[in-house]
Amino acid sequence: MATNKHIIHGIFGDEVPMMEACTKLRASGIRVKEAYTPMPIHGLDSLIGIPRTRLAICAFIYGLTGIGLATLMMWYMMVSDWPNDIGGKPNWAYYFNIPAFIPITFEATVFCAAHGMALTYLLRCMLVPGAKAKNPDPRTTDDKFMLLLDLNDVQSEKAKSILKESGAEEVNHMSTYVVEPKYILEETH
Amino acid sequence: MHAESEIRLPLIIGNKSYRQITDDIIAPIEGKAAKGWYTLTTICALCFLWGILCLAYTIGTGIGSWGSSNNVDWAWDITNFVWWIGIGHAGTLISAVLLLFRQKWRMAINRSAEAMTIFAVMCAAIFVLLHTGRPWLDYMLFPLPNQFGSLWPNFNSPLLWDVFAVTTYFTVSLVFWYIGLIPDFGMIRDRVIKPWQKKMYGFLSFGWGGSARHWSRFEEVSLVLAGLSTPLVFSVHSIVSFDFATSIVPGWHTTIFPPYFVAGAVFSGFAMVLTLMLVVRKIYKLEHYLTIKHIEYMNIVIIVTGSIVGVAYLTELFVAWYSGVEWEQYAFLNRATGPMAWSYWIMMSCNVLSPQLFWFKKIRTSIIATFILSIVVNIGMWFERFVIIVTTLCRTYLPSTWSTYTPSFIDVGIFVGTIGMFGTFFLLFSRYFPVIAQAELKTILKASGESQKKAVAEGRGHH
């Protein structure tokens, strides 16, 4: 049987009631699809079940790439391709002049880690020049806090009352759509 | 939620709400510019134009048009380069090091301090690109084989390290700055009404939505970039100092240079931040966000770094004497008593004595005194580099090469031009970009806002 799904926006004037609403929704087994806030709110991501981002791991890998590239470059240019003897400091092997190679190895590490991570961040969030605004309600970049819910008939009625009793300024039923049963996944938390 | 002690002074004055922060930060963008803004921008743009003309003249005729000579082969160019790079350091220190130390007062100043960093490094780059003599061949600074033949640049040379350091520093600072700007551009996009503004800020905001997922990634990126930028701040000026320290010129060949340069860079950078912030605060009426407490904190950093610089000057003198090396001793004697002693004593009084005035609470919380002293410190720091470079090179090993130095009007013109460029860019930034990181500021409103703190103290607020 096809199921109705409802998109609900709960808009709050402050983060404290919004967090309360998240706690209560979670307690009654209702999943918050997304929250839109004007500033970062600590603890919100774990409350609505967003896994910890792995961007830092990416940065570490990019950093290692930087170390590798810099070492390879300097080894090739200074040792392999055209070994130089500068100021009585010959470059017959890489380890001869390692101290002199440290600054550039460091800079390349930082360069690759920072730019790699920044690019990954932008692409992961789909933040690209000219992209359409991703917040459904423009007030959420100013002073409003919004919870976005995507629920079935039973849950949506319950969610609406929870949002209202936690102090939402507005609870808006945005739209309803129908989902064929084969597309419905088990709701997990 | 983060709670803050009652005895700490509020960082946001007045009874502000999230909406008011938005309103106050967007005011310069939505409203008409003040008359003062037009006057300042015109002056700066004219200076910039003059600089461009002198720059074009230099490219056309060569660096013989400068005051530099055979023995004073680094002069105003490198003095200005080091000065500008140094100024940039405060921006990264504020946004990266103070983020790692969780200093909340950074949030009112980090955006403009980072902008300052970027513009200052651009000014520095002009000098370093020009001083090569044939700037159209500057691509050879990068690791390309000689004349596209087979000889590679020398990776044992600090000058090449400098290329990598400054490039990394500039691009990483730019990215760090822009990632912080995206949420604020998003806010502006959702607020402005004029179609061209909506379009422009919509483009600049990259489609920012402020969802919880984005924010958690945003915070992770900020933290890691801060962690990466912190060693970067220290490394860049250390490497700049290696340009001198690894040479055999007496007065340059000293191991104290890296820490001494870094402290000096932070010192002059904070002075420049203060100069700019005091103007911005006045023009855009941001007194509620850039409070006297912020000014006091920055002045404390100035006392600390200024004193480190002072100790470094004295250490240099002691080590020169104690080393027993006559060349080294003479280099310092020449700085303090030679024909250019005036520059040494300007440096000493501006950098060592003047910041000590900030020990008095009255002076470090006075806006006028801070403004004047911040300019004095920057003059002093310019002379520090002048003394290190020009005074030293005027008298090196061979007395028959000794000479004096006078800058040409082209030298002065390019320097004034970079000041004009810096000013023009900063003024444009302050008019069209959010000067305060409003999203970050909103996170500390409840803990550090004046009325919110009062409410908590009286037991009305929530923790």
# chains A, B, ... in the order shown; residues from 1 in each chain; ligands from 1
call {"tool": "closest_atom_pairs", "arguments": {"of": "chain B", "to": "chain A", "cutoff": "8 Å", "atoms": "only C-alpha atoms", "output": "Markdown table"}}
result
| residue | atom | partner | partner_atom | distance |
| --- | --- | --- | --- | --- |
| B:Met1 | CA | A:His42 | CA | 7.8 |
| B:Tyr18 | CA | A:Asp143 | CA | 5.3 |
| B:Arg19 | CA | A:Asp143 | CA | 5.4 |
| B:Thr22 | CA | A:Asp142 | CA | 6.2 |
| B:Ser150 | CA | A:Trp82 | CA | 7.3 |
| B:Leu151 | CA | A:Trp82 | CA | 6.5 |
| B:Trp152 | CA | A:Met77 | CA | 6.0 |
| B:Asn154 | CA | A:Met78 | CA | 7.5 |
| B:Phe155 | CA | A:Phe101 | CA | 6.8 |
| B:Asn156 | CA | A:Ala100 | CA | 5.1 |
| B:Ser157 | CA | A:Ala100 | CA | 7.7 |
| B:Trp161 | CA | A:Ile104 | CA | 5.8 |
| B:Phe164 | CA | A:Ile104 | CA | 6.4 |
| B:Ala165 | CA | A:Glu107 | CA | 5.9 |
| B:Thr168 | CA | A:Phe111 | CA | 5.5 |
| B:Val172 | CA | A:Ala114 | CA | 6.4 |
| B:Val175 | CA | A:Ala118 | CA | 7.2 |
| B:Ile179 | CA | A:Ala118 | CA | 7.8 |
| B:Pro183 | CA | A:Thr141 | CA | 7.9 |
| B:Gly186 | CA | A:Thr141 | CA | 6.8 |
| B:Met187 | CA | A:Thr141 | CA | 4.9 |
| B:Asp190 | CA | A:Pro138 | CA | 5.3 |
| B:Arg191 | CA | A:Pro138 | CA | 7.9 |
| B:Gly202 | CA | A:Gly130 | CA | 6.6 |
| B:Phe203 | CA | A:Gly130 | CA | 4.3 |
| B:Leu204 | CA | A:Pro129 | CA | 6.4 |
| B:Ser205 | CA | A:Pro129 | CA | 7.3 |
| B:Phe206 | CA | A:Pro129 | CA | 4.5 |
| B:Gly207 | CA | A:Ala133 | CA | 4.0 |
| B:Trp208 | CA | A:Ala133 | CA | 5.8 |
| B:Gly209 | CA | A:Asn135 | CA | 4.2 |
| B:Gly210 | CA | A:Tyr36 | CA | 5.3 |
| B:Ser211 | CA | A:Tyr36 | CA | 4.2 |
| B:Ala212 | CA | A:Ala35 | CA | 5.3 |
| B:Arg213 | CA | A:Ile50 | CA | 6.9 |
| B:His214 | CA | A:Cys125 | CA | 6.2 |
| B:Trp215 | CA | A:Pro40 | CA | 5.3 |
| B:Ser216 | CA | A:Asp45 | CA | 6.9 |
| B:Arg217 | CA | A:Thr53 | CA | 6.1 |
| B:Phe218 | CA | A:Tyr121 | CA | 7.7 |
| B:Glu219 | CA | A:Pro40 | CA | 7.6 |
| B:Glu220 | CA | A:Ala56 | CA | 7.0 |
| B:Val221 | CA | A:Ala118 | CA | 7.0 |
| B:Val224 | CA | A:Ala56 | CA | 6.7 |
| B:Leu225 | CA | A:Ala114 | CA | 6.1 |
| B:Leu228 | CA | A:Val110 | CA | 6.1 |
| B:Ser229 | CA | A:Val110 | CA | 7.8 |
| B:Leu232 | CA | A:Glu107 | CA | 7.6 |
| B:Ser235 | CA | A:Pro103 | CA | 7.9 |
| B:Ile239 | CA | A:Pro103 | CA | 7.8 |
| B:Ala439 | CA | A:Met39 | CA | 4.9 |
| B:Glu440 | CA | A:Met39 | CA | 6.5 |
| B:Lys442 | CA | A:Met39 | CA | 6.5 |
| B:Thr443 | CA | A:Met39 | CA | 6.4 |
call {"tool": "write_last_selection", "arguments": {"atoms": "C-alpha atoms", "output": "mmCIF file, in the first residue's frame"}}
result
data_model
loop_
_atom_site.group_PDB
_atom_site.id
_atom_site.type_symbol
_atom_site.label_atom_id
_atom_site.label_comp_id
_atom_site.auth_asym_id
_atom_site.auth_seq_id
_atom_site.Cartn_x
_atom_site.Cartn_y
_atom_site.Cartn_z
ATOM 1 C CA MET B 1 25.961 25.540 26.826
ATOM 2 C CA TYR B 18 20.470 37.422 17.140
ATOM 3 C CA ARG B 19 18.477 39.670 14.822
ATOM 4 C CA THR B 22 22.503 40.484 11.804
ATOM 5 C CA SER B 150 67.982 20.461 -16.992
ATOM 6 C CA LEU B 151 69.193 22.415 -13.950
ATOM 7 C CA TRP B 152 66.647 22.704 -11.144
ATOM 8 C CA ASN B 154 68.376 24.909 -5.373
ATOM 9 C CA PHE B 155 66.300 23.336 -2.641
ATOM 10 C CA ASN B 156 69.058 24.011 -0.113
ATOM 11 C CA SER B 157 68.402 27.729 -0.430
ATOM 12 C CA TRP B 161 61.912 27.847 0.898
ATOM 13 C CA PHE B 164 57.016 27.793 -0.918
ATOM 14 C CA ALA B 165 56.335 29.311 2.497
ATOM 15 C CA THR B 168 51.391 28.258 1.078
ATOM 16 C CA VAL B 172 45.914 28.743 2.956
ATOM 17 C CA VAL B 175 40.954 29.560 1.872
ATOM 18 C CA ILE B 179 35.435 29.256 4.279
ATOM 19 C CA PRO B 183 27.976 31.367 6.075
ATOM 20 C CA GLY B 186 24.625 33.196 3.028
ATOM 21 C CA MET B 187 23.121 35.477 5.645
ATOM 22 C CA ASP B 190 18.960 35.944 2.436
ATOM 23 C CA ARG B 191 18.684 39.523 3.655
ATOM 24 C CA GLY B 202 24.139 34.317 -3.823
ATOM 25 C CA PHE B 203 27.113 33.531 -6.006
ATOM 26 C CA LEU B 204 29.620 34.250 -3.257
ATOM 27 C CA SER B 205 27.717 32.186 -0.678
ATOM 28 C CA PHE B 206 28.180 29.000 -2.731
ATOM 29 C CA GLY B 207 24.609 27.995 -1.816
ATOM 30 C CA TRP B 208 25.229 27.888 1.918
ATOM 31 C CA GLY B 209 22.283 26.454 3.860
ATOM 32 C CA GLY B 210 23.410 26.285 7.458
ATOM 33 C CA SER B 211 22.198 22.737 8.022
ATOM 34 C CA ALA B 212 23.450 20.834 11.041
ATOM 35 C CA ARG B 213 25.574 18.620 8.778
ATOM 36 C CA HIS B 214 27.201 21.638 7.172
ATOM 37 C CA TRP B 215 27.869 23.246 10.505
ATOM 38 C CA SER B 216 29.482 20.158 11.961
ATOM 39 C CA ARG B 217 31.756 19.911 8.924
ATOM 40 C CA PHE B 218 32.371 23.644 9.041
ATOM 41 C CA GLU B 219 33.564 23.434 12.623
ATOM 42 C CA GLU B 220 35.817 20.492 11.843
ATOM 43 C CA VAL B 221 37.354 22.316 8.880
ATOM 44 C CA VAL B 224 41.866 21.536 11.407
ATOM 45 C CA LEU B 225 42.723 24.587 9.301
ATOM 46 C CA LEU B 228 47.516 23.660 10.215
ATOM 47 C CA SER B 229 47.810 27.438 10.136
ATOM 48 C CA LEU B 232 52.409 27.929 9.372
ATOM 49 C CA SER B 235 57.242 28.790 9.954
ATOM 50 C CA ILE B 239 61.844 31.071 6.915
ATOM 51 C CA ALA B 439 27.672 33.522 12.720
ATOM 52 C CA GLU B 440 30.495 32.920 15.160
ATOM 53 C CA LYS B 442 26.035 34.566 17.611
ATOM 54 C CA THR B 443 27.488 31.513 19.355
#
call {"tool": "residues_around", "arguments": {"residues": "His6 (chain A)", "least_positions_apart": "2", "cutoff": "8 Å", "atoms": "only C-alpha atoms", "output": "PyMOL selection string"}}
result
chain A and resi 4+8+149-153+156+173-177
call {"tool": "residues_around", "arguments": {"residues": "Val279 (chain B)", "least_positions_apart": "5", "cutoff": "9 Å", "atoms": "only C-alpha atoms", "output": "ChimeraX atom specification"}}
result
/B:274,284,371
call {"tool": "residues_around", "arguments": {"residues": "region 257-267 of chain B", "least_positions_apart": "5", "cutoff": "8 Å", "atoms": "only C-alpha atoms", "output": "PyMOL selection string"}}
result
chain B and resi 83+85-90+93+234+237-239+241-242+245+252+301-302+305-306+308-309+312+377+381
call {"tool": "write_last_selection", "arguments": {"atoms": "N, CA and C atoms", "output": "JSON list (two decimals), in the first residue's frame"}}
result
[["chain", "number", "residue", "atom", "x", "y", "z"],
["B", 83, "TRP", "N", 58.33, 43.73, 6.18],
["B", 83, "TRP", "CA", 57.36, 44.49, 6.98],
["B", 83, "TRP", "C", 55.94, 44.04, 6.68],
["B", 85, "ILE", "N", 54.90, 41.20, 5.21],
["B", 85, "ILE", "CA", 54.69, 39.80, 5.61],
["B", 85, "ILE", "C", 54.46, 39.75, 7.12],
["B", 86, "GLY", "N", 55.25, 40.50, 7.85],
["B", 86, "GLY", "CA", 55.12, 40.52, 9.31],
["B", 86, "GLY", "C", 53.74, 40.97, 9.73],
["B", 87, "ILE", "N", 53.25, 42.02, 9.09],
["B", 87, "ILE", "CA", 51.92, 42.54, 9.43],
["B", 87, "ILE", "C", 50.87, 41.45, 9.24],
["B", 88, "GLY", "N", 51.04, 40.68, 8.19],
["B", 88, "GLY", "CA", 50.07, 39.62, 7.93],
["B", 88, "GLY", "C", 49.93, 38.62, 9.07],
["B", 89, "HIS", "N", 51.00, 38.46, 9.84],
["B", 89, "HIS", "CA", 50.99, 37.38, 10.83],
["B", 89, "HIS", "C", 49.92, 37.51, 11.89],
["B", 90, "ALA", "N", 49.53, 38.74, 12.22],
["B", 90, "ALA", "CA", 48.55, 38.88, 13.29],
["B", 90, "ALA", "C", 47.23, 38.25, 12.89],
["B", 93, "LEU", "N", 47.43, 34.61, 13.40],
["B", 93, "LEU", "CA", 47.54, 34.33, 14.83],
["B", 93, "LEU", "C", 46.18, 34.46, 15.50],
["B", 234, "PHE", "N", 54.26, 30.40, 12.40],
["B", 234, "PHE", "CA", 55.61, 30.42, 12.94],
["B", 234, "PHE", "C", 56.64, 30.09, 11.87],
["B", 237, "HIS", "N", 57.53, 33.27, 9.02],
["B", 237, "HIS", "CA", 58.49, 34.30, 9.36],
["B", 237, "HIS", "C", 59.84, 33.73, 9.77],
["B", 238, "SER", "N", 59.84, 32.48, 10.27],
["B", 238, "SER", "CA", 61.13, 31.83, 10.54],
["B", 238, "SER", "C", 61.89, 31.69, 9.23],
["B", 239, "ILE", "N", 61.18, 31.27, 8.20],
["B", 239, "ILE", "CA", 61.84, 31.07, 6.91],
["B", 239, "ILE", "C", 62.29, 32.41, 6.32],
["B", 241, "SER", "N", 63.24, 34.84, 8.06],
["B", 241, "SER", "CA", 64.46, 35.21, 8.80],
["B", 241, "SER", "C", 65.65, 34.36, 8.35],
["B", 242, "PHE", "N", 65.40, 33.13, 7.86],
["B", 242, "PHE", "CA", 66.50, 32.31, 7.34],
["B", 242, "PHE", "C", 67.17, 32.98, 6.15],
["B", 245, "ALA", "N", 69.53, 34.84, 8.18],
["B", 245, "ALA", "CA", 70.33, 34.12, 9.17],
["B", 245, "ALA", "C", 71.28, 33.10, 8.55],
["B", 252, "TRP", "N", 73.58, 39.53, 10.57],
["B", 252, "TRP", "CA", 72.48, 38.71, 10.08],
["B", 252, "TRP", "C", 72.63, 37.26, 10.53],
["B", 301, "VAL", "N", 48.76, 41.80, 24.16],
["B", 301, "VAL", "CA", 49.60, 41.03, 23.23],
["B", 301, "VAL", "C", 50.77, 41.91, 22.75],
["B", 302, "ILE", "N", 50.48, 43.19, 22.54],
["B", 302, "ILE", "CA", 51.54, 44.10, 22.09],
["B", 302, "ILE", "C", 52.63, 44.26, 23.15],
["B", 305, "THR", "N", 54.66, 40.81, 23.10],
["B", 305, "THR", "CA", 55.54, 40.61, 21.93],
["B", 305, "THR", "C", 56.56, 41.75, 21.84],
["B", 306, "GLY", "N", 56.16, 42.96, 22.22],
["B", 306, "GLY", "CA", 57.10, 44.09, 22.19],
["B", 306, "GLY", "C", 58.25, 43.84, 23.15],
["B", 308, "ILE", "N", 59.32, 40.88, 24.08],
["B", 308, "ILE", "CA", 60.17, 39.82, 23.51],
["B", 308, "ILE", "C", 61.13, 40.44, 22.50],
["B", 309, "VAL", "N", 60.60, 41.35, 21.67],
["B", 309, "VAL", "CA", 61.45, 42.01, 20.68],
["B", 309, "VAL", "C", 62.55, 42.79, 21.39],
["B", 312, "ALA", "N", 65.14, 40.55, 22.60],
["B", 312, "ALA", "CA", 65.94, 40.05, 21.46],
["B", 312, "ALA", "C", 66.99, 41.07, 21.04],
["B", 377, "VAL", "N", 54.29, 51.89, 16.69],
["B", 377, "VAL", "CA", 54.87, 50.55, 16.65],
["B", 377, "VAL", "C", 55.13, 50.14, 15.20],
["B", 381, "MET", "N", 58.63, 49.11, 13.63],
["B", 381, "MET", "CA", 58.91, 47.81, 13.03],
["B", 381, "MET", "C", 59.41, 47.95, 11.60]]
call {"tool": "select_by_dssp", "arguments": {"residues": "region 175-277 of chain B", "states": "helix (DSSP H, G or I)", "output": "compact mmCIF listing (two decimals) with N, CA and C atoms, in the first residue's frame"}}
result
# COMPACT_ATOMS: atom_id res chain seq x y z
N VAL B 175 41.97 30.60 1.77
CA VAL B 175 40.95 29.56 1.87
C VAL B 175 40.29 29.59 3.26
N PHE B 176 41.10 29.73 4.27
CA PHE B 176 40.60 29.79 5.65
C PHE B 176 39.61 30.96 5.78
N TRP B 177 39.99 32.08 5.23
CA TRP B 177 39.17 33.29 5.28
C TRP B 177 37.87 33.06 4.54
N TYR B 178 37.97 32.48 3.36
CA TYR B 178 36.77 32.34 2.54
C TYR B 178 35.80 31.32 3.12
N ILE B 179 36.33 30.26 3.69
CA ILE B 179 35.44 29.26 4.28
C ILE B 179 34.66 29.88 5.43
N GLY B 180 35.32 30.75 6.18
CA GLY B 180 34.61 31.45 7.25
C GLY B 180 33.58 32.43 6.71
N LEU B 181 33.87 32.99 5.53
CA LEU B 181 32.97 34.00 4.96
C LEU B 181 31.68 33.39 4.40
N ILE B 182 31.74 32.13 3.96
CA ILE B 182 30.59 31.54 3.26
C ILE B 182 29.28 31.66 4.06
N PRO B 183 29.24 31.25 5.35
CA PRO B 183 27.98 31.37 6.08
C PRO B 183 27.48 32.81 6.16
N ASP B 184 28.42 33.76 6.28
CA ASP B 184 28.01 35.15 6.40
C ASP B 184 27.50 35.69 5.06
N PHE B 185 28.10 35.22 3.97
CA PHE B 185 27.56 35.59 2.66
C PHE B 185 26.15 35.01 2.52
N GLY B 186 25.95 33.81 3.06
CA GLY B 186 24.63 33.20 3.03
C GLY B 186 23.61 34.08 3.73
N MET B 187 24.01 34.58 4.89
CA MET B 187 23.12 35.48 5.65
C MET B 187 22.80 36.73 4.83
N ILE B 188 23.82 37.30 4.19
CA ILE B 188 23.59 38.53 3.42
C ILE B 188 22.67 38.24 2.24
N ARG B 189 22.92 37.10 1.57
CA ARG B 189 22.09 36.70 0.43
C ARG B 189 20.62 36.63 0.82
N ASP B 190 20.35 36.09 2.02
CA ASP B 190 18.96 35.94 2.44
C ASP B 190 18.35 37.25 2.93
N ARG B 191 19.18 38.27 3.12
CA ARG B 191 18.68 39.52 3.66
C ARG B 191 18.50 40.61 2.60
N PRO B 195 18.32 43.32 -6.54
CA PRO B 195 18.59 42.11 -7.32
C PRO B 195 20.07 41.84 -7.57
N TRP B 196 20.85 42.90 -7.87
CA TRP B 196 22.27 42.65 -8.16
C TRP B 196 22.98 42.16 -6.91
N GLN B 197 22.54 42.67 -5.74
CA GLN B 197 23.17 42.21 -4.50
C GLN B 197 22.80 40.76 -4.22
N LYS B 198 21.53 40.45 -4.46
CA LYS B 198 21.08 39.09 -4.23
C LYS B 198 21.87 38.12 -5.10
N LYS B 199 22.09 38.54 -6.32
CA LYS B 199 22.82 37.70 -7.27
C LYS B 199 24.28 37.53 -6.84
N MET B 200 24.88 38.69 -6.50
CA MET B 200 26.30 38.66 -6.15
C MET B 200 26.54 37.83 -4.88
N TYR B 201 25.77 38.11 -3.84
CA TYR B 201 26.01 37.39 -2.59
C TYR B 201 25.55 35.94 -2.71
N GLY B 202 24.54 35.70 -3.57
CA GLY B 202 24.14 34.32 -3.82
C GLY B 202 25.28 33.53 -4.45
N PHE B 203 25.98 34.18 -5.36
CA PHE B 203 27.11 33.53 -6.01
C PHE B 203 28.23 33.29 -5.00
N LEU B 204 28.52 34.35 -4.21
CA LEU B 204 29.62 34.25 -3.26
C LEU B 204 29.34 33.25 -2.14
N ALA B 212 22.62 21.36 9.95
CA ALA B 212 23.45 20.83 11.04
C ALA B 212 24.65 20.06 10.50
N ARG B 213 24.46 19.36 9.39
CA ARG B 213 25.57 18.62 8.78
C ARG B 213 26.66 19.58 8.31
N HIS B 214 26.23 20.66 7.65
CA HIS B 214 27.20 21.64 7.17
C HIS B 214 27.96 22.26 8.33
N TRP B 215 27.21 22.59 9.38
CA TRP B 215 27.87 23.25 10.50
C TRP B 215 28.87 22.32 11.16
N SER B 216 28.53 21.04 11.28
CA SER B 216 29.48 20.16 11.96
C SER B 216 30.74 20.00 11.12
N ARG B 217 30.57 19.97 9.78
CA ARG B 217 31.76 19.91 8.92
C ARG B 217 32.52 21.23 8.97
N PHE B 218 31.76 22.32 8.99
CA PHE B 218 32.37 23.64 9.04
C PHE B 218 33.29 23.77 10.26
N GLU B 219 32.78 23.31 11.39
CA GLU B 219 33.56 23.43 12.62
C GLU B 219 34.81 22.56 12.55
N GLU B 220 34.66 21.38 11.96
CA GLU B 220 35.82 20.49 11.84
C GLU B 220 36.88 21.12 10.93
N VAL B 221 36.41 21.69 9.80
CA VAL B 221 37.35 22.32 8.88
C VAL B 221 38.05 23.49 9.55
N SER B 222 37.28 24.30 10.27
CA SER B 222 37.88 25.46 10.94
C SER B 222 38.95 25.01 11.92
N LEU B 223 38.62 23.97 12.68
CA LEU B 223 39.56 23.51 13.69
C LEU B 223 40.84 22.97 13.05
N VAL B 224 40.68 22.13 12.03
CA VAL B 224 41.87 21.54 11.41
C VAL B 224 42.68 22.61 10.67
N LEU B 225 41.98 23.52 9.98
CA LEU B 225 42.72 24.59 9.30
C LEU B 225 43.46 25.44 10.31
N ALA B 226 42.84 25.67 11.48
CA ALA B 226 43.53 26.43 12.52
C ALA B 226 44.76 25.68 12.98
N GLY B 227 44.61 24.37 13.15
CA GLY B 227 45.75 23.56 13.57
C GLY B 227 46.86 23.57 12.54
N LEU B 228 46.50 23.63 11.27
CA LEU B 228 47.52 23.66 10.22
C LEU B 228 48.13 25.05 10.09
N SER B 229 47.30 26.07 10.31
CA SER B 229 47.81 27.44 10.14
C SER B 229 48.73 27.84 11.27
N THR B 230 48.53 27.26 12.44
CA THR B 230 49.33 27.67 13.59
C THR B 230 50.83 27.45 13.35
N PRO B 231 51.26 26.22 12.99
CA PRO B 231 52.69 26.10 12.69
C PRO B 231 53.09 26.91 11.46
N LEU B 232 52.12 27.16 10.58
CA LEU B 232 52.41 27.93 9.37
C LEU B 232 52.83 29.36 9.73
N VAL B 233 52.11 29.97 10.69
CA VAL B 233 52.45 31.33 11.11
C VAL B 233 53.90 31.38 11.56
N PHE B 234 54.26 30.40 12.40
CA PHE B 234 55.61 30.42 12.94
C PHE B 234 56.64 30.09 11.87
N SER B 235 56.26 29.20 10.95
CA SER B 235 57.24 28.79 9.95
C SER B 235 57.52 29.90 8.95
N VAL B 236 56.49 30.64 8.55
CA VAL B 236 56.70 31.61 7.46
C VAL B 236 57.73 32.66 7.86
N HIS B 237 57.53 33.27 9.02
CA HIS B 237 58.49 34.30 9.36
C HIS B 237 59.84 33.73 9.77
N SER B 238 59.84 32.48 10.27
CA SER B 238 61.13 31.83 10.54
C SER B 238 61.89 31.69 9.23
N ILE B 239 61.18 31.27 8.20
CA ILE B 239 61.84 31.07 6.91
C ILE B 239 62.29 32.41 6.32
N VAL B 240 61.46 33.44 6.49
CA VAL B 240 61.88 34.78 6.04
C VAL B 240 63.17 35.16 6.76
N SER B 241 63.24 34.84 8.06
CA SER B 241 64.46 35.21 8.80
C SER B 241 65.65 34.36 8.35
N PHE B 242 65.40 33.13 7.86
CA PHE B 242 66.50 32.31 7.34
C PHE B 242 67.17 32.98 6.15
N ASP B 243 66.39 33.75 5.37
CA ASP B 243 66.97 34.47 4.24
C ASP B 243 68.18 35.27 4.71
N PHE B 244 68.09 35.78 5.94
CA PHE B 244 69.19 36.55 6.50
C PHE B 244 70.13 35.65 7.30
N ALA B 245 69.53 34.84 8.18
CA ALA B 245 70.33 34.12 9.17
C ALA B 245 71.28 33.10 8.55
N PHE B 257 67.42 34.87 15.14
CA PHE B 257 66.53 35.49 14.16
C PHE B 257 65.13 34.88 14.07
N PRO B 258 64.97 33.56 13.95
CA PRO B 258 63.58 33.07 13.77
C PRO B 258 62.61 33.48 14.88
N PRO B 259 62.90 33.20 16.16
CA PRO B 259 61.93 33.61 17.18
C PRO B 259 61.76 35.13 17.24
N TYR B 260 62.85 35.82 17.01
CA TYR B 260 62.82 37.28 17.11
C TYR B 260 61.97 37.86 15.96
N PHE B 261 62.08 37.27 14.78
CA PHE B 261 61.26 37.73 13.66
C PHE B 261 59.79 37.41 13.89
N VAL B 262 59.52 36.22 14.44
CA VAL B 262 58.12 35.85 14.64
C VAL B 262 57.47 36.78 15.67
N ALA B 263 58.18 37.03 16.77
CA ALA B 263 57.63 37.93 17.79
C ALA B 263 57.42 39.32 17.19
N GLY B 264 58.40 39.78 16.40
CA GLY B 264 58.27 41.09 15.78
C GLY B 264 57.09 41.14 14.82
N ALA B 265 56.87 40.02 14.11
CA ALA B 265 55.78 39.99 13.15
C ALA B 265 54.44 40.10 13.86
N VAL B 266 54.27 39.34 14.94
CA VAL B 266 53.02 39.38 15.68
C VAL B 266 52.82 40.77 16.28
N PHE B 267 53.92 41.32 16.76
CA PHE B 267 53.92 42.66 17.36
C PHE B 267 53.40 43.70 16.35
N SER B 268 54.01 43.73 15.16
CA SER B 268 53.60 44.74 14.19
C SER B 268 52.22 44.43 13.64
N GLY B 269 51.90 43.13 13.51
CA GLY B 269 50.58 42.76 13.00
C GLY B 269 49.47 43.22 13.92
N PHE B 270 49.66 43.00 15.21
CA PHE B 270 48.62 43.44 16.14
C PHE B 270 48.48 44.95 16.12
N ALA B 271 49.62 45.65 15.96
CA ALA B 271 49.54 47.10 15.88
C ALA B 271 48.70 47.51 14.67
N MET B 272 48.91 46.83 13.53
CA MET B 272 48.15 47.17 12.33
C MET B 272 46.68 46.82 12.51
N VAL B 273 46.40 45.68 13.15
CA VAL B 273 45.00 45.32 13.40
C VAL B 273 44.34 46.43 14.21
N LEU B 274 45.05 46.92 15.23
CA LEU B 274 44.47 47.98 16.06
C LEU B 274 44.22 49.24 15.25
N THR B 275 45.21 49.63 14.43
CA THR B 275 45.04 50.84 13.62
C THR B 275 43.76 50.70 12.78
N LEU B 276 43.63 49.55 12.10
CA LEU B 276 42.49 49.36 11.20
C LEU B 276 41.18 49.26 11.98
N MET B 277 41.20 48.48 13.07
CA MET B 277 39.97 48.23 13.81
C MET B 277 39.42 49.50 14.43
call {"tool": "residues_around", "arguments": {"residues": "region 5-13 of chain B", "least_positions_apart": "3", "cutoff": "12 Å", "atoms": "only C-alpha atoms", "output": "ChimeraX atom specification"}}
result
/B:2,16-18,20-21,24,103-109,286-297,438,441-459,463
call {"tool": "residues_around", "arguments": {"residues": "region 17-30 of chain A", "least_positions_apart": "4", "cutoff": "6 Å", "atoms": "only C-alpha atoms", "output": "number ranges by chain"}}
result
A: 163, 166-167
call {"tool": "atom_distance", "arguments": {"atom1": "CA of Phe433 (chain B)", "atom2": "CA of Gly91 (chain B)"}}
result
16.4 Å
call {"tool": "select_by_dssp", "arguments": {"residues": "region 3-160 of chain A", "states": "strand (DSSP E or B)", "output": "list in words"}}
result
Thr3, Asn4, Lys5, His6, Ile7, Ile8, His9, Gly10, Ile11, Phe12, Glu34, Ala35, Tyr36, Asp85, Ile86, Lys89, Pro90, Phe145, Met146, Leu147, Leu148, Leu149, Asp150, Leu151 and Asn152 of chain A
call {"tool": "atom_distance", "arguments": {"atom1": "CA of Val163 (chain B)", "atom2": "CA of Leu99 (chain B)"}}
result
27.1 Å
